[in-house]
file final26.pdb (PDB, C-alpha atoms)
ATOM      1  CA  MET A   1      80.558 129.392 108.505
ATOM      2  CA  ASP A   2      83.167 129.496 111.196
ATOM      3  CA  ALA A   3      85.064 126.345 110.363
ATOM      4  CA  LYS A   4      87.351 126.651 113.326
ATOM      5  CA  ARG A   5      84.563 126.774 115.856
ATOM      6  CA  ASN A   6      82.732 124.085 113.979
ATOM      7  CA  THR A   7      85.551 121.550 114.212
ATOM      8  CA  ALA A   8      87.116 122.539 117.505
ATOM      9  CA  SER A   9      85.328 119.856 119.461
ATOM     10  CA  SER A  10      86.366 117.137 117.009
ATOM     11  CA  CYS A  11      90.103 117.929 117.126
ATOM     12  CA  LYS A  12      92.004 115.093 118.759
ATOM     13  CA  ASP A  13      95.373 113.968 119.893
ATOM     14  CA  ARG A  14      96.957 111.537 117.478
ATOM     15  CA  GLU A  15      95.972 108.321 119.202
ATOM     16  CA  ALA A  16      92.319 109.337 119.504
ATOM     17  CA  TRP A  17      92.314 110.618 115.927
ATOM     18  CA  LEU A  18      93.664 107.285 114.652
ATOM     19  CA  ARG A  19      91.172 105.303 116.696
ATOM     20  CA  GLU A  20      88.193 107.297 115.469
ATOM     21  CA  LEU A  21      89.291 107.056 111.847
ATOM     22  CA  TYR A  22      89.846 103.335 112.245
ATOM     23  CA  LYS A  23      86.354 102.834 113.581
ATOM     24  CA  LYS A  24      84.789 105.060 110.943
ATOM     25  CA  ALA A  25      86.616 103.949 107.832
ATOM     26  CA  PHE A  26      88.025 100.462 108.298
ATOM     27  CA  PRO A  27      84.675  98.653 107.875
ATOM     28  CA  LEU A  28      84.218 100.371 104.511
ATOM     29  CA  VAL A  29      87.663  99.307 103.314
ATOM     30  CA  ALA A  30      87.223  95.796 104.703
ATOM     31  CA  ALA A  31      83.923  95.428 102.819
ATOM     32  CA  PHE A  32      85.600  96.554  99.611
ATOM     33  CA  VAL A  33      88.601  94.246  99.980
ATOM     34  CA  SER A  34      86.341  91.328 100.834
ATOM     35  CA  ARG A  35      84.237  92.024  97.716
ATOM     36  CA  MET A  36      87.423  91.987  95.662
ATOM     37  CA  GLY A  37      88.322  88.583  97.058
ATOM     38  CA  GLY A  38      90.958  89.776  99.508
ATOM     39  CA  SER A  39      91.635  88.689 103.079
ATOM     40  CA  LEU A  40      91.297  90.504 106.396
ATOM     41  CA  GLU A  41      95.099  90.761 106.568
ATOM     42  CA  GLU A  42      95.214  92.407 103.147
ATOM     43  CA  ALA A  43      92.472  94.811 104.205
ATOM     44  CA  ARG A  44      94.423  95.645 107.355
ATOM     45  CA  ASP A  45      97.687  96.261 105.485
ATOM     46  CA  ILE A  46      96.024  98.408 102.842
ATOM     47  CA  PHE A  47      94.102 100.398 105.431
ATOM     48  CA  GLN A  48      97.109 100.997 107.656
ATOM     49  CA  ASP A  49      99.182 102.263 104.732
ATOM     50  CA  SER A  50      96.272 104.507 103.728
ATOM     51  CA  LEU A  51      96.180 105.935 107.238
ATOM     52  CA  ILE A  52      99.892 106.720 107.030
ATOM     53  CA  ILE A  53      99.464 108.496 103.700
ATOM     54  CA  TYR A  54      96.476 110.422 105.017
ATOM     55  CA  TYR A  55      98.301 111.373 108.203
ATOM     56  CA  GLU A  56     101.324 112.595 106.274
ATOM     57  CA  LYS A  57      99.076 114.744 104.126
ATOM     58  CA  SER A  58      97.529 116.180 107.290
ATOM     59  CA  ALA A  59     100.783 116.562 109.236
ATOM     60  CA  GLY A  60     101.311 120.063 110.554
ATOM     61  CA  GLN A  61      97.590 120.742 110.783
ATOM     62  CA  GLU A  62      95.403 120.097 113.759
ATOM     63  CA  LEU A  63      94.048 116.582 113.673
ATOM     64  CA  CYS A  64      90.329 117.245 113.395
ATOM     65  CA  LEU A  65      87.750 114.705 112.326
ATOM     66  CA  LYS A  66      85.875 115.667 109.185
ATOM     67  CA  HIS A  67      82.975 114.228 107.243
ATOM     68  CA  SER A  68      85.217 113.723 104.226
ATOM     69  CA  ASP A  69      87.743 111.534 106.111
ATOM     70  CA  LYS A  70      85.980 108.310 105.281
ATOM     71  CA  ALA A  71      85.722 108.996 101.564
ATOM     72  CA  TYR A  72      89.297 110.205 101.390
ATOM     73  CA  LEU A  73      90.687 107.152 103.158
ATOM     74  CA  PHE A  74      88.554 104.865 101.063
ATOM     75  CA  GLY A  75      89.879 106.502  97.892
ATOM     76  CA  ILE A  76      93.482 105.987  98.934
ATOM     77  CA  ALA A  77      92.816 102.398  99.993
ATOM     78  CA  ARG A  78      91.108 101.527  96.724
ATOM     79  CA  HIS A  79      94.008 102.978  94.844
ATOM     80  CA  LEU A  80      96.591 101.048  96.810
ATOM     81  CA  TRP A  81      94.552  97.914  96.345
ATOM     82  CA  SER A  82      94.387  98.174  92.581
ATOM     83  CA  ARG A  83      98.066  98.955  92.380
ATOM     84  CA  ARG A  84      99.244  96.251  94.702
ATOM     85  CA  TYR A  85      97.017  93.293  94.352
ATOM     86  CA  ARG A  86      94.764  93.052  91.415
ATOM     87  CA  GLU A  87      94.921  95.149  88.289
ATOM     88  CA  SER A  88      97.816  95.210  85.895
ATOM     89  CA  ALA A  89      99.406  98.618  85.383
ATOM     90  CA  ARG A  90      98.194  98.676  81.791
ATOM     91  CA  GLN A  91      94.586  98.933  82.890
ATOM     92  CA  LEU A  92      95.195 102.120  84.833
ATOM     93  CA  SER A  93      94.900 105.495  83.170
ATOM     94  CA  ILE A  94      97.864 107.833  83.124
ATOM     95  CA  GLU A  95      96.159 110.121  85.642
ATOM     96  CA  GLU A  96      95.648 107.237  88.001
ATOM     97  CA  LEU A  97      99.229 106.138  87.636
ATOM     98  CA  GLN A  98     100.415 109.666  88.263
ATOM     99  CA  ALA A  99      98.308 110.026  91.405
ATOM    100  CA  ASP A 100      99.432 106.610  92.458
ATOM    101  CA  PHE A 101     103.019 107.570  91.937
ATOM    102  CA  ASP A 102     102.599 110.713  94.037
ATOM    103  CA  GLU A 103     101.112 108.750  96.879
ATOM    104  CA  HIS A 104     103.630 106.005  96.587
ATOM    105  CA  ALA A 105     106.672 108.157  96.176
ATOM    106  CA  GLY A 106     106.381 109.403  99.723
ATOM    107  CA  LEU A 107     105.675 106.008 101.153
ATOM    108  CA  VAL A 108     108.506 104.188  99.443
ATOM    109  CA  ASP A 109     110.943 106.981 100.102
ATOM    110  CA  ALA A 110     110.569 107.240 103.852
ATOM    111  CA  ALA A 111     109.535 103.713 104.776
ATOM    112  CA  ASP A 112     112.724 102.216 103.532
ATOM    113  CA  PRO A 113     113.003  98.739 105.065
ATOM    114  CA  GLU A 114     116.759  98.871 104.686
ATOM    115  CA  VAL A 115     116.859 102.055 106.739
ATOM    116  CA  SER A 116     114.636 100.769 109.514
ATOM    117  CA  SER A 117     116.589  97.539 109.855
ATOM    118  CA  SER A 118     120.035  99.121 109.646
ATOM    119  CA  ARG A 119     122.354  99.046 112.663
ATOM    120  CA  LEU A 120     122.566 102.789 112.621
ATOM    121  CA  PHE A 121     118.806 103.152 112.805
ATOM    122  CA  ARG A 122     118.567 100.723 115.695
ATOM    123  CA  LEU A 123     121.350 102.521 117.495
ATOM    124  CA  LEU A 124     119.579 105.866 117.151
ATOM    125  CA  GLN A 125     116.306 104.346 118.312
ATOM    126  CA  THR A 126     117.902 103.454 121.613
ATOM    127  CA  ALA A 127     120.911 105.681 122.289
ATOM    128  CA  GLY A 128     119.551 108.822 120.693
ATOM    129  CA  GLN A 129     115.904 108.323 121.460
ATOM    130  CA  LYS A 130     115.220 111.696 123.016
ATOM    131  CA  CYS A 131     116.707 113.582 120.131
ATOM    132  CA  MET A 132     114.985 111.349 117.599
ATOM    133  CA  GLN A 133     111.651 112.059 119.253
ATOM    134  CA  LEU A 134     112.274 115.776 119.188
ATOM    135  CA  LEU A 135     113.458 115.792 115.577
ATOM    136  CA  SER A 136     110.648 113.579 114.398
ATOM    137  CA  ALA A 137     108.084 115.828 116.111
ATOM    138  CA  PHE A 138     109.446 118.718 114.093
ATOM    139  CA  TYR A 139     110.339 117.173 110.724
ATOM    140  CA  TYR A 140     107.795 114.339 110.491
ATOM    141  CA  GLU A 141     104.836 115.572 112.529
ATOM    142  CA  LYS A 142     105.619 119.135 111.482
ATOM    143  CA  LEU A 143     104.811 120.634 114.853
ATOM    144  CA  SER A 144     105.483 124.330 115.357
ATOM    145  CA  MET A 145     108.187 125.527 117.748
ATOM    146  CA  GLU A 146     105.471 126.518 120.245
ATOM    147  CA  GLN A 147     104.002 123.010 120.162
ATOM    148  CA  LEU A 148     107.466 121.509 120.406
ATOM    149  CA  ALA A 149     108.252 123.620 123.476
ATOM    150  CA  GLU A 150     104.994 122.564 125.097
ATOM    151  CA  ARG A 151     105.407 118.862 124.413
ATOM    152  CA  PHE A 152     109.034 118.639 125.502
ATOM    153  CA  GLY A 153     108.849 121.126 128.352
ATOM    154  CA  PHE A 154     111.095 123.887 126.977
ATOM    155  CA  SER A 155     110.674 127.444 128.185
ATOM    156  CA  GLY A 156     109.571 128.699 124.763
ATOM    157  CA  PRO A 157     110.011 128.585 120.972
ATOM    158  CA  ARG A 158     113.558 130.002 121.106
ATOM    159  CA  SER A 159     114.710 127.329 123.460
ATOM    160  CA  ALA A 160     112.956 124.684 121.347
ATOM    161  CA  THR A 161     114.738 125.950 118.229
ATOM    162  CA  ALA A 162     118.109 125.786 119.987
ATOM    163  CA  GLN A 163     117.426 122.254 121.223
ATOM    164  CA  LYS A 164     116.289 121.148 117.800
ATOM    165  CA  PHE A 165     119.536 122.266 116.228
ATOM    166  CA  LYS A 166     121.587 120.708 119.019
ATOM    167  CA  CYS A 167     119.834 117.416 118.367
ATOM    168  CA  LEU A 168     120.236 117.758 114.630
ATOM    169  CA  GLU A 169     123.939 118.317 115.151
ATOM    170  CA  LYS A 170     124.253 115.345 117.478
ATOM    171  CA  VAL A 171     122.317 112.924 115.290
ATOM    172  CA  LYS A 172     124.085 114.096 112.157
ATOM    173  CA  GLU A 173     127.440 113.439 113.823
ATOM    174  CA  THR A 174     126.314 109.928 114.772
ATOM    175  CA  VAL A 175     125.015 109.256 111.264
ATOM    176  CA  LYS A 176     128.331 110.331 109.830
ATOM    177  CA  GLU A 177     130.559 108.456 112.275
ATOM    178  CA  LYS A 178     128.604 105.255 112.309
ATOM    179  CA  SER A 179     127.955 105.182 108.586
ATOM    180  CA  ILE A 180     131.670 105.340 108.021
ATOM    181  CA  SER A 181     132.640 102.834 110.703
ATOM    182  CA  TYR A 182     129.891 100.314 109.945
ATOM    183  CA  GLU A 183     129.879 101.010 106.255
ATOM    184  CA  ASP A 184     126.209 100.822 106.982
ATOM    185  CA  ILE A 185     124.976 102.328 103.775
ATOM    186  CA  PHE A 186     121.235 102.572 103.568
ATOM    187  CA  GLU A 187     120.658 103.648 100.027
TER     188      GLU A 187
ATOM    189  CA  MET B   1     134.863 118.420 113.215
ATOM    190  CA  LYS B   2     131.368 119.322 114.324
ATOM    191  CA  THR B   3     129.086 121.207 112.038
ATOM    192  CA  SER B   4     128.431 124.776 113.175
ATOM    193  CA  LEU B   5     124.840 125.734 113.924
ATOM    194  CA  ASN B   6     125.059 128.312 111.224
ATOM    195  CA  GLU B   7     125.968 125.687 108.664
ATOM    196  CA  LEU B   8     123.209 123.351 109.865
ATOM    197  CA  GLN B   9     120.684 126.141 109.371
ATOM    198  CA  LEU B  10     122.101 127.028 105.990
ATOM    199  CA  ILE B  11     121.921 123.438 104.759
ATOM    200  CA  GLU B  12     118.447 123.020 106.227
ATOM    201  CA  ASP B  13     117.172 126.030 104.321
ATOM    202  CA  PHE B  14     118.828 124.744 101.182
ATOM    203  CA  LEU B  15     117.428 121.214 101.486
ATOM    204  CA  LEU B  16     113.987 121.825 102.941
ATOM    205  CA  ALA B  17     112.891 125.336 102.084
ATOM    206  CA  ASP B  18     113.059 125.004  98.283
ATOM    207  CA  PRO B  19     115.349 128.013  97.819
ATOM    208  CA  ALA B  20     114.869 130.589  95.118
ATOM    209  CA  GLY B  21     117.303 130.847  92.205
ATOM    210  CA  GLU B  22     119.484 133.452  93.833
ATOM    211  CA  GLU B  23     120.021 131.411  96.984
ATOM    212  CA  LYS B  24     120.794 128.329  94.943
ATOM    213  CA  THR B  25     123.493 130.219  93.105
ATOM    214  CA  LEU B  26     124.892 131.401  96.426
ATOM    215  CA  MET B  27     125.010 127.840  97.667
ATOM    216  CA  GLN B  28     126.833 126.761  94.535
ATOM    217  CA  ALA B  29     129.394 129.464  95.196
ATOM    218  CA  ARG B  30     129.792 128.232  98.782
ATOM    219  CA  LEU B  31     130.296 124.701  97.511
ATOM    220  CA  VAL B  32     133.238 125.887  95.463
ATOM    221  CA  LEU B  33     134.749 127.815  98.368
ATOM    222  CA  GLN B  34     134.129 125.187 101.056
ATOM    223  CA  PRO B  35     135.214 121.755  99.870
ATOM    224  CA  GLY B  36     133.676 119.954 102.872
ATOM    225  CA  LEU B  37     130.230 121.418 102.385
ATOM    226  CA  GLN B  38     129.036 118.872  99.851
ATOM    227  CA  GLU B  39     129.767 116.069 102.278
ATOM    228  CA  SER B  40     128.062 117.925 105.085
ATOM    229  CA  ILE B  41     124.917 118.299 102.954
ATOM    230  CA  HIS B  42     125.049 114.592 102.221
ATOM    231  CA  TRP B  43     125.078 113.627 105.918
ATOM    232  CA  GLN B  44     122.348 116.078 106.790
ATOM    233  CA  GLN B  45     120.140 114.694 104.049
ATOM    234  CA  LYS B  46     120.668 111.171 105.392
ATOM    235  CA  THR B  47     119.788 112.429 108.846
ATOM    236  CA  TYR B  48     116.472 113.832 107.621
ATOM    237  CA  ARG B  49     115.669 110.532 105.929
ATOM    238  CA  LEU B  50     116.430 108.631 109.110
ATOM    239  CA  VAL B  51     114.306 110.989 111.178
ATOM    240  CA  ASN B  52     111.383 110.588 108.771
ATOM    241  CA  THR B  53     111.715 106.828 108.843
ATOM    242  CA  TYR B  54     111.786 106.993 112.630
ATOM    243  CA  GLY B  55     108.643 109.154 112.651
ATOM    244  CA  ARG B  56     106.831 106.784 110.355
ATOM    245  CA  GLU B  57     107.877 103.727 112.350
ATOM    246  CA  GLN B  58     106.453 105.342 115.496
ATOM    247  CA  LEU B  59     103.198 106.052 113.674
ATOM    248  CA  LYS B  60     103.046 102.462 112.369
ATOM    249  CA  GLN B  61     103.419 101.166 115.899
ATOM    250  CA  GLU B  62     100.638 103.428 117.125
ATOM    251  CA  ILE B  63      98.354 102.262 114.319
ATOM    252  CA  SER B  64      99.114  98.617 115.104
ATOM    253  CA  GLN B  65      98.238  99.235 118.737
ATOM    254  CA  VAL B  66      94.936 100.808 117.725
ATOM    255  CA  HIS B  67      94.171  97.804 115.525
ATOM    256  CA  GLN B  68      95.093  95.427 118.321
ATOM    257  CA  MET B  69      92.891  97.287 120.762
ATOM    258  CA  LEU B  70      89.871  97.391 118.427
ATOM    259  CA  PHE B  71      90.205  93.678 117.770
ATOM    260  CA  THR B  72      90.548  92.597 121.385
ATOM    261  CA  ALA B  73      88.888  95.033 123.818
ATOM    262  CA  ALA B  74      85.416  94.049 124.988
ATOM    263  CA  GLU B  75      83.855  97.442 124.277
ATOM    264  CA  HIS B  76      84.644  97.136 120.565
ATOM    265  CA  LEU B  77      82.955  93.781 120.054
ATOM    266  CA  SER B  78      80.296  95.104 117.680
ATOM    267  CA  PHE B  79      82.916  96.831 115.534
ATOM    268  CA  ARG B  80      84.859  93.583 115.390
ATOM    269  CA  GLN B  81      81.825  91.515 114.468
ATOM    270  CA  LYS B  82      80.874  93.955 111.750
ATOM    271  CA  VAL B  83      84.311  93.674 110.121
ATOM    272  CA  LEU B  84      84.703  89.922 110.551
ATOM    273  CA  ARG B  85      81.334  89.283 108.923
ATOM    274  CA  PHE B  86      82.764  90.454 105.591
ATOM    275  CA  PHE B  87      85.308  87.662 105.635
ATOM    276  CA  ASN B  88      83.247  84.805 107.077
ATOM    277  CA  LYS B  89      81.381  83.868 103.989
TER     278      LYS B  89
END
call {"tool": "encode", "arguments": {"input": "final26.pdb", "output": "structure tokens"}}
result
Amino acid sequence: MDAKRNTASSCKDREAWLRELYKKAFPLVAAFVSRMGGSLEEARDIFQDSLIIYYEKSAGQELCLKHSDKAYLFGIARHLWSRRYRESARQLSIEELQADFDEHAGLVDAADPEVSSSRLFRLLQTAGQKCMQLLSAFYYEKLSMEQLAERFGFSGPRSATAQKFKCLEKVKETVKEKSISYEDIFE
Amino acid sequence: MKTSLNELQLIEDFLLADPAGEEKTLMQARLVLQPGLQESIHWQQKTYRLVNTYGREQLKQEISQVHQMLFTAAEHLSFRQKVLRFFNK
């Protein structure tokens, strides 16, 4: 089967992709959390973290809706639920703990609350916003240079590469200077 | 002093491309010859972490907006009712 042709019509931009997944999979997760005695807020938190994990696994690929999305998201959500709210670690098998660790490692590592609340981070969000957007499109969303050029209006991949390194240089300089002057250590 | 583009690229390959043994050895040799390189790697690694945190924060905001929209917009009433039913017992 030609998978590409098959899914072409269901490939979305990120916002539409998130909305469709939310509509498809959130009721399933909400039903599960409710059955386990949890609240709507807990269901929301678990589901939103699951979406982030799922997105990060899909980053760099086209965001196409698939039949397996719902089951995949539900699996992640159930896992996060058992880890966070209800079961003690002893009840989980080693395989489950390992999988859990893999999923969690990424989440804990990048979503560091100390980083996102640091002065340096807030400074970069405002003063260096354009560069942060460009760098995050490349390193976090894992867009190609062609996609980067298209989104940011560069003449082509070469120009996008040059801009990316200019931004990396600029942000790195800021990180260095401000970390030293603020002693704003985020580790 | 600013980092040269060449050095940025070199460190990026080292940190993100999972270099083979030979390249790792080369980097270790460079570290001996260039005393400032270790520090430069350190700042670049922090920069990548910050960028990833920034990317994830943006995504979180987008997800929150989607949630907000699904739980307030008139056209999603049936979705809303379906979900709320699970918790109104």
call {"tool": "resolve_selection", "arguments": {"input": "final26.pdb", "expression": "the PyMOL selection byres ((chain A and resi 141) around 8)", "output": "MDAnalysis selection string"}}
result
(chainID A and resid 56 59:60 136:140 142:143) or (chainID B and resid 55)
call {"tool": "closest_atom_pairs", "arguments": {"input": "final26.pdb", "of": "chain B", "to": "chain A", "cutoff": "9 Å", "atoms": "only C-alpha atoms", "output": "JSON lines"}}
result
{"residue": "B:Met1", "atom": "CA", "partner": "A:Glu173", "partner_atom": "CA", "distance": 9.0}
{"residue": "B:Lys2", "atom": "CA", "partner": "A:Glu173", "partner_atom": "CA", "distance": 7.1}
{"residue": "B:Thr3", "atom": "CA", "partner": "A:Glu169", "partner_atom": "CA", "distance": 6.7}
{"residue": "B:Ser4", "atom": "CA", "partner": "A:Glu169", "partner_atom": "CA", "distance": 8.1}
{"residue": "B:Leu5", "atom": "CA", "partner": "A:Phe165", "partner_atom": "CA", "distance": 6.7}
{"residue": "B:Leu8", "atom": "CA", "partner": "A:Glu169", "partner_atom": "CA", "distance": 7.3}
{"residue": "B:Gln9", "atom": "CA", "partner": "A:Phe165", "partner_atom": "CA", "distance": 8.0}
{"residue": "B:Ser40", "atom": "CA", "partner": "A:Lys176", "partner_atom": "CA", "distance": 9.0}
{"residue": "B:Trp43", "atom": "CA", "partner": "A:Lys176", "partner_atom": "CA", "distance": 6.1}
{"residue": "B:Gln44", "atom": "CA", "partner": "A:Lys172", "partner_atom": "CA", "distance": 6.0}
{"residue": "B:Lys46", "atom": "CA", "partner": "A:Val175", "partner_atom": "CA", "distance": 7.6}
{"residue": "B:Thr47", "atom": "CA", "partner": "A:Lys172", "partner_atom": "CA", "distance": 5.7}
{"residue": "B:Tyr48", "atom": "CA", "partner": "A:Tyr139", "partner_atom": "CA", "distance": 7.6}
{"residue": "B:Arg49", "atom": "CA", "partner": "A:Ala110", "partner_atom": "CA", "distance": 6.4}
{"residue": "B:Leu50", "atom": "CA", "partner": "A:Val115", "partner_atom": "CA", "distance": 7.0}
{"residue": "B:Val51", "atom": "CA", "partner": "A:Ser136", "partner_atom": "CA", "distance": 5.5}
{"residue": "B:Asn52", "atom": "CA", "partner": "A:Tyr140", "partner_atom": "CA", "distance": 5.5}
{"residue": "B:Thr53", "atom": "CA", "partner": "A:Ala110", "partner_atom": "CA", "distance": 5.1}
{"residue": "B:Tyr54", "atom": "CA", "partner": "A:Ser136", "partner_atom": "CA", "distance": 6.9}
{"residue": "B:Gly55", "atom": "CA", "partner": "A:Ser136", "partner_atom": "CA", "distance": 5.2}
{"residue": "B:Arg56", "atom": "CA", "partner": "A:Ala111", "partner_atom": "CA", "distance": 6.9}
{"residue": "B:Glu57", "atom": "CA", "partner": "A:Ala111", "partner_atom": "CA", "distance": 7.8}
{"residue": "B:Leu59", "atom": "CA", "partner": "A:Ile52", "partner_atom": "CA", "distance": 7.5}
{"residue": "B:Lys60", "atom": "CA", "partner": "A:Ile52", "partner_atom": "CA", "distance": 7.5}
{"residue": "B:Glu62", "atom": "CA", "partner": "A:Glu15", "partner_atom": "CA", "distance": 7.1}
{"residue": "B:Ile63", "atom": "CA", "partner": "A:Leu18", "partner_atom": "CA", "distance": 6.9}
{"residue": "B:Ser64", "atom": "CA", "partner": "A:Gln48", "partner_atom": "CA", "distance": 8.1}
{"residue": "B:Val66", "atom": "CA", "partner": "A:Arg19", "partner_atom": "CA", "distance": 6.0}
{"residue": "B:His67", "atom": "CA", "partner": "A:Tyr22", "partner_atom": "CA", "distance": 7.7}
{"residue": "B:Leu70", "atom": "CA", "partner": "A:Lys23", "partner_atom": "CA", "distance": 8.1}
{"residue": "B:Phe79", "atom": "CA", "partner": "A:Lys23", "partner_atom": "CA", "distance": 7.2}
{"residue": "B:Lys82", "atom": "CA", "partner": "A:Pro27", "partner_atom": "CA", "distance": 7.2}
{"residue": "B:Val83", "atom": "CA", "partner": "A:Pro27", "partner_atom": "CA", "distance": 5.5}
{"residue": "B:Leu84", "atom": "CA", "partner": "A:Leu40", "partner_atom": "CA", "distance": 7.8}
{"residue": "B:Phe86", "atom": "CA", "partner": "A:Ala31", "partner_atom": "CA", "distance": 5.8}
{"residue": "B:Phe87", "atom": "CA", "partner": "A:Ser34", "partner_atom": "CA", "distance": 6.1}
call {"tool": "atom_distance", "arguments": {"input": "final26.pdb", "atom1": "CA of Ser10 (chain A)", "atom2": "CA of Asp69 (chain A)"}}
result
12.3 Å
call {"tool": "closest_residue", "arguments": {"input": "final26.pdb", "among": "A:His67, A:Tyr72, A:Lys130, A:Arg84", "to": "Asp45 (chain A)", "atoms": "only C-alpha atoms"}}
result
A:Arg84
call {"tool": "resolve_selection", "arguments": {"input": "final26.pdb", "expression": "the PyMOL selection byres ((chain A and resi 80) around 10)", "output": "ChimeraX atom specification"}}
result
/A:45-47,49-50,74-79,81-86,100,103-104
call {"tool": "axis_aligned_box", "arguments": {"input": "final26.pdb", "around": "region 15-27 of chain B", "padding_each_side": "4 Å", "output": "AutoDock Vina command-line options"}}
result
--center_x 119.0 --center_y 127.3 --center_z 97.6 --size_x 20.1 --size_y 20.2 --size_z 18.7
call {"tool": "residues_around", "arguments": {"input": "final26.pdb", "residues": "Gln38 (chain B)", "least_positions_apart": "5", "cutoff": "10 Å", "atoms": "all atoms listed in the file", "output": "PyMOL selection string"}}
result
chain B and resi 11+28+30-32+43
call {"tool": "atom_distance", "arguments": {"input": "final26.pdb", "atom1": "CA of Trp17 (chain A)", "atom2": "CA of Leu63 (chain A)"}}
result
6.6 Å
call {"tool": "atom_distance", "arguments": {"input": "final26.pdb", "atom1": "CA of Glu75 (chain B)", "atom2": "CA of Cys11 (chain A)"}}
result
22.6 Å
